[in-house]
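Note sheet for the following structure.
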Amino acid sequence: MNVRRFLRWRIVLPAVLVLAVAFVFFDQEFMSYHGSTSLTWTRPDATESGVPISNIAGYTIHCWGDAGRHTLTIRIDDPSITEYEIDRLPPGRYQCAVTAFTEDGSESALSNFVARTVE
């Protein structure tokens, strides 16, 4: 039984190390980018159907990159914040939108998209 455990760890451990090294490399690569963009929005005061909103808990920023894939999500847990600077972005073109969420977890539809180019 000890031999089986040894063999299992001998197979699993190198795979874990490869993933850890890949994660560190990716993280350093991402951290080396210096591009940024800022977004501003207006706090909604009513739903699309006109019902007043009083319990906004925050916002979520969603951005899609050049290839149309979801690139990043940023959650802001402070409803008084209506602008945000996204930094350490790699060069490229981004489409971003914001959603609002309430204290009970409901989330709005996406806002209008804005296009940003980071150089």
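Convention: chains lettered A, B, ... in structure tokens order; per-chain residue numbering from 1; ligands numbered from 1 as shown.
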- Query: Quick one: DSSP strand (DSSP E or B) residues in segment 29-85 of chain A, as a ChimeraX atom specification?
  - Reply: /A:35-40,46,52,56-64,70-76,83-85
Resulting file, chosen residues, N, CA and C atoms, as a PDB file, in the first residue's frame:
ATOM      1  N   GLY A  35      -1.048  49.109 -19.332  1.00  0.00           N
ATOM      2  CA  GLY A  35      -2.180  49.799 -19.926  1.00  0.00           C
ATOM      3  C   GLY A  35      -3.319  49.953 -18.924  1.00  0.00           C
ATOM      4  N   SER A  36      -4.114  50.993 -19.119  1.00  0.00           N
ATOM      5  CA  SER A  36      -5.259  51.182 -18.243  1.00  0.00           C
ATOM      6  C   SER A  36      -6.364  51.914 -18.990  1.00  0.00           C
ATOM      7  N   THR A  37      -7.552  51.843 -18.439  1.00  0.00           N
ATOM      8  CA  THR A  37      -8.691  52.585 -18.959  1.00  0.00           C
ATOM      9  C   THR A  37      -9.616  52.872 -17.796  1.00  0.00           C
ATOM     10  N   SER A  38     -10.382  53.928 -17.904  1.00  0.00           N
ATOM     11  CA  SER A  38     -11.322  54.241 -16.828  1.00  0.00           C
ATOM     12  C   SER A  38     -12.748  54.211 -17.361  1.00  0.00           C
ATOM     13  N   LEU A  39     -13.649  53.824 -16.486  1.00  0.00           N
ATOM     14  CA  LEU A  39     -15.067  53.747 -16.816  1.00  0.00           C
ATOM     15  C   LEU A  39     -15.842  54.576 -15.796  1.00  0.00           C
ATOM     16  N   THR A  40     -16.878  55.244 -16.245  1.00  0.00           N
ATOM     17  CA  THR A  40     -17.785  55.952 -15.344  1.00  0.00           C
ATOM     18  C   THR A  40     -19.213  55.573 -15.720  1.00  0.00           C
ATOM     19  N   ALA A  46     -34.090  53.569 -10.912  1.00  0.00           N
ATOM     20  CA  ALA A  46     -35.299  52.788 -11.171  1.00  0.00           C
ATOM     21  C   ALA A  46     -34.965  51.640 -12.123  1.00  0.00           C
ATOM     22  N   PRO A  52     -38.860  52.056  -8.540  1.00  0.00           N
ATOM     23  CA  PRO A  52     -37.703  52.669  -7.855  1.00  0.00           C
ATOM     24  C   PRO A  52     -36.779  51.615  -7.236  1.00  0.00           C
ATOM     25  N   ILE A  56     -29.411  49.168  -3.890  1.00  0.00           N
ATOM     26  CA  ILE A  56     -28.235  48.780  -4.680  1.00  0.00           C
ATOM     27  C   ILE A  56     -27.071  48.517  -3.730  1.00  0.00           C
ATOM     28  N   ALA A  57     -26.434  47.378  -3.908  1.00  0.00           N
ATOM     29  CA  ALA A  57     -25.308  46.995  -3.060  1.00  0.00           C
ATOM     30  C   ALA A  57     -23.968  47.214  -3.752  1.00  0.00           C
ATOM     31  N   GLY A  58     -23.975  47.333  -5.083  1.00  0.00           N
ATOM     32  CA  GLY A  58     -22.718  47.529  -5.797  1.00  0.00           C
ATOM     33  C   GLY A  58     -22.877  47.297  -7.276  1.00  0.00           C
ATOM     34  N   TYR A  59     -21.727  47.149  -7.938  1.00  0.00           N
ATOM     35  CA  TYR A  59     -21.690  47.030  -9.395  1.00  0.00           C
ATOM     36  C   TYR A  59     -20.705  45.939  -9.793  1.00  0.00           C
ATOM     37  N   THR A  60     -20.902  45.421 -10.985  1.00  0.00           N
ATOM     38  CA  THR A  60     -19.943  44.487 -11.566  1.00  0.00           C
ATOM     39  C   THR A  60     -19.564  45.006 -12.948  1.00  0.00           C
ATOM     40  N   ILE A  61     -18.273  45.135 -13.175  1.00  0.00           N
ATOM     41  CA  ILE A  61     -17.754  45.549 -14.483  1.00  0.00           C
ATOM     42  C   ILE A  61     -17.404  44.282 -15.252  1.00  0.00           C
ATOM     43  N   HIS A  62     -17.864  44.194 -16.492  1.00  0.00           N
ATOM     44  CA  HIS A  62     -17.570  43.054 -17.366  1.00  0.00           C
ATOM     45  C   HIS A  62     -16.851  43.595 -18.598  1.00  0.00           C
ATOM     46  N   CYS A  63     -15.731  42.972 -18.978  1.00  0.00           N
ATOM     47  CA  CYS A  63     -15.009  43.381 -20.185  1.00  0.00           C
ATOM     48  C   CYS A  63     -14.704  42.170 -21.052  1.00  0.00           C
ATOM     49  N   TRP A  64     -14.821  42.379 -22.345  1.00  0.00           N
ATOM     50  CA  TRP A  64     -14.507  41.363 -23.343  1.00  0.00           C
ATOM     51  C   TRP A  64     -13.354  41.882 -24.180  1.00  0.00           C
ATOM     52  N   HIS A  70     -14.784  36.696 -22.746  1.00  0.00           N
ATOM     53  CA  HIS A  70     -14.904  37.428 -21.492  1.00  0.00           C
ATOM     54  C   HIS A  70     -13.526  37.495 -20.850  1.00  0.00           C
ATOM     55  N   THR A  71     -12.984  38.682 -20.715  1.00  0.00           N
ATOM     56  CA  THR A  71     -11.613  38.869 -20.262  1.00  0.00           C
ATOM     57  C   THR A  71     -11.516  39.099 -18.767  1.00  0.00           C
ATOM     58  N   LEU A  72     -12.420  39.922 -18.226  1.00  0.00           N
ATOM     59  CA  LEU A  72     -12.315  40.181 -16.805  1.00  0.00           C
ATOM     60  C   LEU A  72     -13.637  40.628 -16.216  1.00  0.00           C
ATOM     61  N   THR A  73     -13.788  40.360 -14.922  1.00  0.00           N
ATOM     62  CA  THR A  73     -14.947  40.767 -14.148  1.00  0.00           C
ATOM     63  C   THR A  73     -14.433  41.407 -12.870  1.00  0.00           C
ATOM     64  N   ILE A  74     -14.954  42.579 -12.554  1.00  0.00           N
ATOM     65  CA  ILE A  74     -14.554  43.269 -11.334  1.00  0.00           C
ATOM     66  C   ILE A  74     -15.817  43.571 -10.540  1.00  0.00           C
ATOM     67  N   ARG A  75     -15.863  43.110  -9.316  1.00  0.00           N
ATOM     68  CA  ARG A  75     -17.018  43.357  -8.442  1.00  0.00           C
ATOM     69  C   ARG A  75     -16.680  44.522  -7.513  1.00  0.00           C
ATOM     70  N   ILE A  76     -17.593  45.473  -7.438  1.00  0.00           N
ATOM     71  CA  ILE A  76     -17.426  46.640  -6.572  1.00  0.00           C
ATOM     72  C   ILE A  76     -18.552  46.605  -5.548  1.00  0.00           C
ATOM     73  N   GLU A  83     -17.207  55.262 -10.706  1.00  0.00           N
ATOM     74  CA  GLU A  83     -16.101  55.296 -11.675  1.00  0.00           C
ATOM     75  C   GLU A  83     -15.028  54.341 -11.194  1.00  0.00           C
ATOM     76  N   TYR A  84     -14.305  53.794 -12.150  1.00  0.00           N
ATOM     77  CA  TYR A  84     -13.294  52.801 -11.801  1.00  0.00           C
ATOM     78  C   TYR A  84     -12.204  52.806 -12.857  1.00  0.00           C
ATOM     79  N   GLU A  85     -10.962  52.750 -12.422  1.00  0.00           N
ATOM     80  CA  GLU A  85      -9.833  52.642 -13.345  1.00  0.00           C
ATOM     81  C   GLU A  85      -9.338  51.206 -13.341  1.00  0.00           C
TER      82      GLU A  85
END
- Task: Could you please determine the separation between atom CA of Cys96 of chain A and atom CA of Ser54 of chain A in Å, to one decimal place?
- Result: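 Atom-to-atom, atom CA of Cys96 of chain A to atom CA of Ser54 of chain A, that is 24.9 Å.
Of the residues in segment 28-61 of chain A, those that DSSP places in helix (DSSP H, G or I) on the basis of the backbone are Gln28, Glu29, Phe30 and Met31 of chain A.
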For those residues, write C-alpha atoms to a file as a tab-separated table (two decimals), in the first residue's frame.
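What landed in out.tsv:
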chain	number	residue	atom	x	y	z
A	28	GLN	CA	4.03	37.82	-13.67
A	29	GLU	CA	3.18	38.32	-17.33
A	30	PHE	CA	-0.17	39.88	-16.47
A	31	MET	CA	1.37	42.11	-13.81
- Task: Would you mind reading off the distance between atom CA of Ala115 of chain A and atom CA of Gln95 of chain A, one decimal, in Å?
- Result: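 Answer for the atom CA of Ala115 of chain A to atom CA of Gln95 of chain A separation: 4.6 Å.
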- Query: With only C-alpha atoms as the atoms that count, which of A:Gly92, A:Gly50, A:Gly68, A:Ala97 lies nearest to Ala109 of chain A?
  - Reply: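 Smallest distance to Ala109 of chain A is found for A:Ala97.
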- Message: Please report the interatomic distance between atom CA of Phe101 of chain A and atom CA of Ala67 of chain A in Å with one decimal.
- Response: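 Atom CA of Ala67 of chain A lies at a distance of 27.2 Å from atom CA of Phe101 of chain A.
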